[in-house]
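> Structure: model10.txt, compact mmCIF, C-alpha atoms and all ligand atoms.
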# COMPACT_ATOMS: atom_id res chain seq x y z
CA MET A 448 -0.01 -3.13 -33.80
CA ILE A 449 -3.69 -3.84 -33.43
CA VAL A 450 -6.34 -4.15 -36.09
CA VAL A 451 -9.77 -3.12 -34.86
CA MET A 452 -12.55 -4.75 -36.89
CA LYS A 453 -15.88 -3.05 -37.59
CA VAL A 454 -18.90 -4.19 -35.57
CA GLY A 455 -20.51 -7.17 -37.32
CA SER A 456 -17.40 -8.21 -39.28
CA PRO A 457 -18.04 -11.69 -40.75
CA GLU A 458 -16.00 -14.40 -39.08
CA ALA A 459 -14.79 -15.65 -42.45
CA GLU A 460 -13.38 -12.22 -43.23
CA VAL A 461 -11.51 -12.08 -39.90
CA ALA A 462 -10.08 -15.54 -40.66
CA ARG A 463 -9.06 -14.49 -44.18
CA LEU A 464 -7.38 -11.37 -42.86
CA SER A 465 -5.52 -13.37 -40.19
CA GLN A 466 -4.33 -15.76 -42.85
CA GLU A 467 -3.07 -12.94 -45.04
CA LEU A 468 -1.26 -11.24 -42.15
CA THR A 469 0.34 -14.57 -41.22
CA GLU A 470 1.65 -14.78 -44.79
CA TRP A 471 3.23 -11.37 -44.21
CA GLY A 472 5.24 -12.95 -41.38
CA LEU A 473 3.11 -11.56 -38.53
CA THR A 474 1.42 -13.44 -35.69
CA PRO A 475 -2.18 -12.28 -35.39
CA GLU A 476 -3.96 -12.98 -32.11
CA LYS A 477 -7.73 -12.75 -32.22
CA ILE A 478 -9.30 -11.06 -29.21
CA VAL A 479 -13.08 -11.12 -29.03
CA GLY A 480 -14.20 -8.15 -26.96
CA LYS A 481 -17.66 -7.22 -25.75
CA HIS A 482 -18.38 -5.11 -28.80
CA LYS A 483 -15.62 -5.65 -31.31
CA VAL A 484 -13.10 -8.13 -32.56
CA VAL A 485 -9.47 -7.01 -32.43
CA LEU A 486 -6.48 -8.65 -34.05
CA GLY A 487 -3.33 -8.09 -32.05
CA LEU A 488 -0.27 -8.29 -34.31
CA VAL A 489 3.09 -9.40 -33.02
CA GLY A 490 6.22 -9.46 -35.17
CA GLU A 491 8.19 -7.06 -37.30
CA THR A 492 5.61 -4.30 -37.45
CA ALA A 493 7.99 -1.35 -37.17
CA SER A 494 8.46 -1.02 -40.92
CA LEU A 495 4.78 -1.52 -41.73
CA ASP A 496 2.52 1.39 -42.54
CA PRO A 497 -0.88 1.03 -40.81
CA LEU A 498 -2.49 2.21 -44.06
CA GLN A 499 -1.00 -0.81 -45.87
CA ILE A 500 -2.90 -3.11 -43.52
CA GLN A 501 -6.03 -0.99 -43.63
CA GLU A 502 -6.29 -1.70 -47.37
CA VAL A 503 -6.43 -5.47 -46.89
CA SER A 504 -10.08 -5.54 -45.82
CA PRO A 505 -13.04 -3.16 -46.00
CA TRP A 506 -14.08 -4.52 -42.58
CA ILE A 507 -11.10 -2.94 -40.82
CA GLU A 508 -12.14 0.05 -38.76
CA THR A 509 -8.69 1.21 -37.76
CA VAL A 510 -5.09 0.05 -37.37
CA LEU A 511 -3.18 1.33 -34.35
CA ARG A 512 0.39 1.04 -33.19
CA VAL A 513 1.08 -0.26 -29.67
CA GLU A 514 3.69 2.22 -28.56
CA LYS A 515 4.75 0.35 -25.41
CA PRO A 516 7.59 -2.20 -25.25
CA PHE A 517 5.13 -4.73 -23.85
CA LYS A 518 2.56 -5.76 -26.43
CA ARG A 519 0.32 -8.65 -25.40
CA VAL A 520 -0.05 -7.44 -21.82
CA SER A 521 -0.78 -3.86 -22.80
CA ARG A 522 -4.26 -2.48 -22.44
CA GLU A 523 -4.08 -1.20 -26.02
CA PHE A 524 -3.61 -4.75 -27.30
CA ARG A 525 -7.19 -5.50 -26.20
CA HIS A 526 -8.42 -2.12 -27.37
CA GLY A 527 -8.95 -1.02 -23.76
CA GLU A 528 -10.89 -4.01 -22.50
CA ALA A 529 -9.96 -5.75 -19.25
CA SER A 530 -9.26 -9.45 -19.37
CA GLN A 531 -10.50 -11.98 -16.87
CA VAL A 532 -8.63 -14.98 -15.57
CA SER A 533 -10.55 -18.08 -14.61
CA VAL A 534 -8.94 -20.34 -12.02
CA SER A 535 -10.38 -23.73 -11.18
CA THR A 536 -11.25 -24.88 -7.67
CA PRO A 537 -12.95 -28.09 -6.54
CA GLU A 538 -16.12 -26.03 -6.26
CA GLY A 539 -15.98 -24.56 -9.76
CA PRO A 540 -14.07 -21.80 -11.52
CA VAL A 541 -13.38 -18.46 -9.84
CA LEU A 542 -13.03 -15.37 -12.02
CA PHE A 543 -10.44 -12.67 -11.39
CA GLY A 544 -10.74 -9.30 -13.08
CA GLU A 545 -11.95 -5.77 -12.76
CA HIS A 546 -15.57 -6.67 -13.53
CA HIS A 547 -15.69 -9.44 -10.91
CA PRO A 548 -15.99 -9.52 -7.13
CA LEU A 549 -12.86 -9.37 -5.01
CA VAL A 550 -11.16 -12.77 -4.60
CA ILE A 551 -9.38 -13.59 -1.34
CA VAL A 552 -6.37 -15.91 -1.20
CA ALA A 553 -5.20 -16.82 2.30
CA GLY A 554 -3.04 -19.29 4.14
CA PRO A 555 0.32 -19.77 5.78
CA CYS A 556 3.64 -18.77 4.31
CA SER A 557 4.78 -22.42 4.36
CA VAL A 558 3.05 -25.75 4.57
CA GLU A 559 4.34 -27.11 7.90
CA ASN A 560 2.28 -30.24 8.57
CA GLU A 561 -1.06 -31.76 7.64
CA GLU A 562 -2.94 -30.64 10.71
CA MET A 563 -2.00 -26.97 10.38
CA ILE A 564 -2.61 -26.74 6.66
CA VAL A 565 -6.00 -28.47 6.83
CA GLU A 566 -7.03 -26.43 9.86
CA THR A 567 -5.98 -23.17 8.20
CA ALA A 568 -7.76 -24.14 4.99
CA LEU A 569 -11.02 -24.79 6.82
CA ARG A 570 -10.75 -21.57 8.81
CA VAL A 571 -9.99 -19.29 5.86
CA LYS A 572 -12.66 -21.00 3.78
CA ALA A 573 -15.26 -20.37 6.49
CA ALA A 574 -14.20 -16.72 6.59
CA GLY A 575 -14.64 -16.24 2.83
CA ALA A 576 -11.38 -17.14 1.05
CA LYS A 577 -11.57 -18.95 -2.28
CA PHE A 578 -7.93 -20.07 -2.48
CA LEU A 579 -5.44 -21.53 -0.04
CA ARG A 580 -1.84 -20.38 -0.33
CA GLY A 581 1.08 -22.28 1.20
CA GLY A 582 4.69 -22.74 0.15
CA ALA A 583 6.17 -26.18 -0.41
CA TYR A 584 9.39 -24.79 -1.93
CA LYS A 585 10.45 -21.63 -0.12
CA PRO A 586 12.84 -18.94 -1.35
CA ARG A 587 14.73 -18.03 1.84
CA THR A 588 17.45 -15.45 2.26
CA SER A 589 19.54 -17.84 4.36
CA PRO A 590 20.37 -21.38 3.24
CA TYR A 591 20.11 -22.35 6.92
CA SER A 592 16.48 -21.22 7.25
CA PHE A 593 13.57 -23.61 6.74
CA GLN A 594 13.43 -24.30 3.01
CA GLY A 595 9.92 -25.78 2.87
CA HIS A 596 9.04 -29.46 2.95
CA GLY A 597 9.19 -29.72 -0.85
CA GLU A 598 7.43 -32.61 -2.54
CA SER A 599 5.91 -34.01 0.65
CA ALA A 600 4.16 -30.68 1.24
CA LEU A 601 2.44 -31.00 -2.13
CA SER A 602 0.43 -33.98 -0.94
CA LEU A 603 -0.53 -32.01 2.18
CA LEU A 604 -1.82 -29.23 -0.06
CA ALA A 605 -3.80 -31.84 -1.99
CA ALA A 606 -5.30 -33.06 1.30
CA ALA A 607 -6.24 -29.49 2.27
CA ARG A 608 -7.81 -28.96 -1.17
CA GLU A 609 -9.87 -32.08 -0.75
CA ALA A 610 -10.93 -31.24 2.82
CA SER A 611 -11.83 -27.60 2.16
CA GLY A 612 -12.87 -27.29 -1.49
CA LEU A 613 -10.46 -24.36 -1.85
CA GLY A 614 -8.29 -23.90 -4.92
CA ILE A 615 -4.54 -24.14 -4.27
CA ILE A 616 -1.79 -21.69 -5.10
CA THR A 617 1.86 -22.46 -4.39
CA GLU A 618 5.23 -21.20 -5.57
CA VAL A 619 7.35 -22.72 -8.31
CA MET A 620 11.05 -21.91 -7.88
CA ASP A 621 12.61 -24.40 -10.25
CA THR A 622 11.54 -25.53 -13.72
CA ALA A 623 12.37 -29.10 -12.64
CA ASP A 624 9.52 -29.04 -10.08
CA LEU A 625 6.91 -27.55 -12.37
CA ASP A 626 5.13 -30.73 -13.46
CA LYS A 627 4.68 -32.17 -10.01
CA ILE A 628 3.51 -28.83 -8.62
CA ALA A 629 1.04 -28.41 -11.48
CA GLU A 630 -0.53 -31.76 -10.56
CA VAL A 631 -1.67 -30.30 -7.23
CA ALA A 632 -1.89 -26.54 -7.73
CA ASP A 633 -4.77 -24.79 -9.47
CA PHE A 634 -2.63 -21.71 -9.80
CA LEU A 635 1.18 -21.27 -9.92
CA GLN A 636 3.01 -18.53 -8.08
CA ILE A 637 6.21 -16.98 -9.38
CA GLY A 638 7.80 -15.27 -6.40
CA ALA A 639 9.36 -11.83 -6.27
CA ARG A 640 12.88 -13.28 -6.38
CA ASN A 641 12.15 -15.16 -9.58
CA MET A 642 10.35 -12.43 -11.48
CA HIS A 643 13.49 -12.04 -13.60
CA ASN A 644 14.02 -15.79 -14.09
CA PHE A 645 13.27 -15.82 -17.79
CA SER A 646 13.64 -19.56 -18.32
CA LEU A 647 11.09 -20.15 -15.55
CA LEU A 648 8.76 -17.55 -17.07
CA LYS A 649 8.98 -19.26 -20.47
CA LYS A 650 8.27 -22.61 -18.86
CA VAL A 651 5.15 -21.47 -16.99
CA GLY A 652 4.09 -19.71 -20.17
CA ALA A 653 4.24 -22.98 -22.07
CA GLN A 654 1.80 -24.79 -19.76
CA ASP A 655 -1.82 -23.95 -19.09
CA LYS A 656 -2.23 -23.41 -15.34
CA PRO A 657 -2.86 -19.74 -14.49
CA VAL A 658 0.15 -17.86 -13.15
CA LEU A 659 0.44 -15.31 -10.35
CA LEU A 660 3.43 -13.14 -11.13
CA LYS A 661 4.76 -11.29 -8.11
CA ARG A 662 6.60 -8.01 -8.61
CA GLY A 663 10.34 -8.26 -8.05
CA MET A 664 11.36 -6.35 -4.96
CA SER A 665 13.27 -3.79 -6.99
CA ALA A 666 11.45 -4.14 -10.28
CA THR A 667 10.06 -1.18 -12.14
CA ILE A 668 6.54 -1.48 -13.50
CA ASP A 669 7.92 -1.80 -17.03
CA GLU A 670 10.23 -4.65 -16.00
CA TRP A 671 7.34 -6.40 -14.27
CA LEU A 672 5.10 -6.05 -17.32
CA MET A 673 7.90 -7.31 -19.57
CA ALA A 674 8.20 -10.37 -17.31
CA ALA A 675 4.46 -10.93 -17.77
CA GLU A 676 4.97 -10.47 -21.51
CA TYR A 677 7.32 -13.49 -21.46
CA ILE A 678 4.51 -15.66 -20.10
CA LEU A 679 1.95 -14.41 -22.59
CA ALA A 680 4.43 -14.64 -25.47
CA ALA A 681 5.01 -18.29 -24.59
CA GLY A 682 1.29 -18.93 -24.96
CA ASN A 683 -0.31 -18.52 -21.54
CA SER A 684 -2.52 -15.46 -21.20
CA ASN A 685 -3.87 -16.41 -17.77
CA VAL A 686 -1.64 -14.14 -15.73
CA ILE A 687 -2.42 -12.11 -12.61
CA LEU A 688 0.01 -9.45 -11.37
CA CYS A 689 0.74 -9.33 -7.63
CA GLU A 690 2.18 -6.28 -5.89
CA ARG A 691 3.98 -7.41 -2.72
CA GLY A 692 5.96 -4.37 -1.71
CA ILE A 693 9.20 -2.94 -3.03
CA ARG A 694 12.50 -1.90 -1.49
CA THR A 695 12.75 1.76 -0.70
CA PHE A 696 15.14 3.74 1.48
CA ASP A 697 13.09 3.26 4.62
CA ARG A 698 12.65 -0.29 5.92
CA LYS A 699 12.81 0.49 9.61
CA TYR A 700 9.12 0.03 10.41
CA ALA A 701 7.67 -1.92 7.51
CA ARG A 702 9.50 -4.76 5.72
CA ASN A 703 8.72 -3.26 2.32
CA THR A 704 6.89 -0.31 0.83
CA LEU A 705 3.56 -1.56 -0.45
CA ASP A 706 3.09 0.33 -3.69
CA LEU A 707 -0.66 0.80 -3.94
CA SER A 708 -0.17 3.37 -6.68
CA VAL A 709 0.31 0.41 -9.02
CA LEU A 710 -3.47 -0.03 -8.99
CA PRO A 711 -4.38 2.99 -11.13
CA VAL A 712 -1.08 2.77 -13.03
CA LEU A 713 -1.52 -0.88 -14.02
CA ARG A 714 -5.16 -0.29 -14.88
CA SER A 715 -4.10 2.20 -17.50
CA LEU A 716 -1.20 0.11 -18.82
CA THR A 717 -2.49 -3.45 -18.82
CA HIS A 718 -5.65 -5.52 -19.12
CA LEU A 719 -4.39 -8.14 -16.65
CA PRO A 720 -6.06 -8.64 -13.24
CA ILE A 721 -4.27 -7.39 -10.13
CA MET A 722 -3.65 -8.88 -6.68
CA ILE A 723 -2.25 -7.06 -3.65
CA ASP A 724 -0.26 -8.84 -0.93
CA PRO A 725 -0.25 -6.63 2.17
CA SER A 726 1.46 -9.38 4.23
CA HIS A 727 4.81 -9.31 2.43
CA GLY A 728 4.09 -5.67 1.59
CA THR A 729 4.30 -4.61 5.23
CA GLY A 730 5.90 -7.55 7.05
CA LYS A 731 3.87 -6.87 10.18
CA ALA A 732 0.52 -8.39 11.07
CA GLU A 733 -0.68 -5.17 12.71
CA TYR A 734 -0.29 -3.22 9.45
CA VAL A 735 -1.94 -5.82 7.22
CA PRO A 736 -5.65 -4.98 7.82
CA THR A 737 -5.26 -1.27 7.05
CA MET A 738 -3.43 -1.94 3.80
CA ALA A 739 -5.85 -4.70 2.79
CA MET A 740 -8.74 -2.28 3.11
CA ALA A 741 -6.87 0.47 1.32
CA ALA A 742 -6.18 -1.95 -1.54
CA ILE A 743 -9.88 -2.75 -1.90
CA ALA A 744 -10.78 0.94 -1.84
CA ALA A 745 -8.15 1.54 -4.55
CA GLY A 746 -9.71 -1.12 -6.75
CA THR A 747 -7.71 -4.33 -6.37
CA ASP A 748 -9.20 -7.46 -7.94
CA SER A 749 -7.83 -9.78 -5.28
CA LEU A 750 -5.86 -9.99 -2.06
CA MET A 751 -3.29 -12.45 -0.72
CA ILE A 752 -3.10 -12.62 3.07
CA GLU A 753 -0.89 -14.83 5.21
CA VAL A 754 -2.78 -16.63 7.98
CA HIS A 755 -1.25 -19.07 10.47
CA PRO A 756 -2.94 -20.94 13.34
CA ASN A 757 -0.09 -19.95 15.66
CA PRO A 758 2.00 -17.12 14.15
CA ALA A 759 4.47 -17.10 17.05
CA LYS A 760 5.48 -20.66 16.13
CA ALA A 761 5.46 -20.26 12.34
CA LEU A 762 8.48 -21.64 10.48
CA SER A 763 8.45 -18.64 8.15
CA ASP A 764 6.88 -15.17 8.10
CA GLY A 765 5.19 -15.48 11.51
CA PRO A 766 5.44 -11.73 12.30
CA GLN A 767 3.31 -10.84 9.29
CA SER A 768 0.78 -13.66 9.64
CA LEU A 769 -2.72 -13.07 10.98
CA THR A 770 -4.35 -15.53 13.34
CA PRO A 771 -7.49 -17.18 11.93
CA GLU A 772 -9.55 -15.09 14.40
CA ARG A 773 -8.03 -11.82 13.17
CA PHE A 774 -8.51 -12.92 9.58
CA ASP A 775 -12.14 -13.65 10.32
CA SER A 776 -12.76 -10.17 11.69
CA LEU A 777 -10.72 -8.60 8.89
CA VAL A 778 -12.95 -10.18 6.24
CA LYS A 779 -15.96 -8.61 7.97
CA GLU A 780 -14.20 -5.22 7.90
CA MET A 781 -13.26 -5.72 4.25
CA GLU A 782 -16.87 -6.49 3.38
CA VAL A 783 -17.86 -2.92 4.26
CA ILE A 784 -15.31 -1.47 1.84
CA GLY A 785 -15.93 -4.18 -0.75
CA LYS A 786 -19.64 -3.41 -0.81
CA ALA A 787 -18.98 0.34 -0.99
CA VAL A 788 -16.94 -0.12 -4.16
CA GLY A 789 -19.30 -2.75 -5.61
CA ARG A 790 -16.76 -5.57 -5.51
CA TRP A 791 -18.21 -7.90 -2.88
CA ALA A 792 -19.70 -11.25 -3.88
CA GLN A 793 -23.20 -11.69 -2.59
CA PRO A 794 -23.44 -14.90 -0.58
CA ALA A 795 -25.73 -17.47 -2.13
CA VAL A 796 -29.25 -17.03 -0.80
CA ALA A 797 -30.22 -20.02 1.30
CA LEU A 798 -33.37 -21.67 0.02
CA VAL A 799 -35.87 -22.53 2.73
C1 LIG B 1 5.51 -15.86 -0.32
O1 LIG B 1 4.45 -15.63 -0.93
O2 LIG B 1 5.56 -16.53 0.73
C2 LIG B 1 6.75 -15.22 -0.80
C3 LIG B 1 7.94 -15.76 -0.58
O3 LIG B 1 6.50 -14.08 -1.44
P1 LIG B 1 7.49 -13.06 -2.22
O4 LIG B 1 7.97 -13.81 -3.40
O5 LIG B 1 6.56 -11.93 -2.55
O6 LIG B 1 8.55 -12.66 -1.26
MN MN B 2 5.74 -15.58 3.12
Rewrite the structure of this file - the entire thing - as structure tokens.


Amino acid sequence: MIVVMKVGSPEAEVARLSQELTEWGLTPEKIVGKHKVVLGLVGETASLDPLQIQEVSPWIETVLRVEKPFKRVSREFRHGEASQVSVSTPEGPVLFGEHHPLVIVAGPCSVENEEMIVETALRVKAAGAKFLRGGAYKPRTSPYSFQGHGESALSLLAAAREASGLGIITEVMDTADLDKIAEVADFLQIGARNMHNFSLLKKVGAQDKPVLLKRGMSATIDEWLMAAEYILAAGNSNVILCERGIRTFDRKYARNTLDLSVLPVLRSLTHLPIMIDPSHGTGKAEYVPTMAMAAIAAGTDSLMIEVHPNPAKALSDGPQSLTPERFDSLVKEMEVIGKAVGRWAQPAVALV
């Protein structure tokens, strides 16, 4: 349920109302929107009559039921307003959300050695990326494939962060690694294979680094949003949803089916920012640029693109990785679409 307060409601009255609703056994969450304050109510609301709540304060404009199974992530919970997620970088916070410019995350699938990660960081930074991606702990289908360098790769990510000024995003596979990853990463990735790992979701929800939640490869949108609900319910509302392609009947030409229809669907269902990953979404470098541009045209808030200095030699996901040169030209192509939809950050004007 949500309680929408009238414009100009005194803060003391909102606090009194929250206190009273807490005494009723509910958990009110105050959301300060552009125009109004909303109290999102979580708990046993099914038996409550909205009119009962309405009577508690003359400052209540309306009380509405959230009909969806997901509450905190639902758009209704914020009375229709989009949320923004701020992620730190050495050069200051970067904002993700539908009222902000497109944010580009780029880098290799895995961190292989210091030279390649630092080189890739500098190249993608020069092209326009704000975050470097790179796996230290890799979820691989085969136990005999490269599993990532683990802890030693974390210090290489720290070196790349220092050298480039980019924020770092890397995947957490195991709750046991969370603390050491959070020391280096500005942003934690939950991979597609772990979208249903509820103990991991609770754990990243109980810490304060922002979380990128990838869609499980066979997850419905409702299941994905319920996974996000776990993170918000545990206390962390800084969540970004990442579409990375789903399994469909036809995998002959593309590794996955990149579901760009999630853009308008998620917009209507949730207030959370959205990222699209055309690299895992297609599995082939030659298809990545087209889908990246389509994602911008369809309104994505951010993109994740795999870039490797020598894709043919990559230890994982080489076939879908762009060279730094191709990434460079892609960003120039994306700028045209980004500007057309009003989502391109203006470069700082050089002072002469
Ligand atoms: C990755 O980002 O390298 C990755 C393993 O992604 P996903 O979880 O989407 O497969
Ligand atoms: Mn990958």

> Give the residue list for ligand LIG 1 (chain B) at 6 Å, counting all atoms listed in the file, as a list in words, sorted by chain and then by residue number.

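Result of the 6 Å neighbour search around ligand LIG 1 (chain B): Cys556, Pro586, Gly638, Ala639, Arg640, Lys661, Arg691 and His727 of chain A.
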
> Using only C-alpha atoms and all ligand atoms, which of A:Gln654, A:Gly597, A:Glu609, A:Ala553 sits nearest ligand MN 2 (chain B)?

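Closest to ligand MN 2 (chain B), using only C-alpha atoms and all ligand atoms: A:Ala553.
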
> Near Ser646 of chain A, counting only C-alpha atoms, which residues have an atom at most 12 Å away, once you skip same-chain residues fewer than 6 positions from it, shown as a PyMOL selection string?

chain A and resi 620-623+637+652-653+674+677-678+681

> Got a sec to check which residues lie within 10 Å of ligand MN 2 (chain B), using only C-alpha atoms and all ligand atoms, and send them as a ChimeraX atom specification?

/A:554-557,580-582,585-587,638,724,726-727,730,752-754,762-768

> Using only C-alpha atoms, which protein or nucleic acid residues come within 7 Å of segment 491-499 of chain A? Drop anything in the same chain fewer than 5 positions from it, and give the result as a list of chain:residue names.

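Residues near the query, excluding close chain neighbours: A:Met448, A:Leu473, A:Val510, A:Leu511.
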
> Report, as lines of an AutoDock Vina configuration file, the axis-aligned box around all atoms of segment 769-773 of chain A present in the file, extended by 8 Å on each side; give centre and edge lengths in Å to one decimal place.


center_x = -6.1
center_y = -14.5
center_z = 12.7
size_x = 22.8
size_y = 21.4
size_z = 19.4
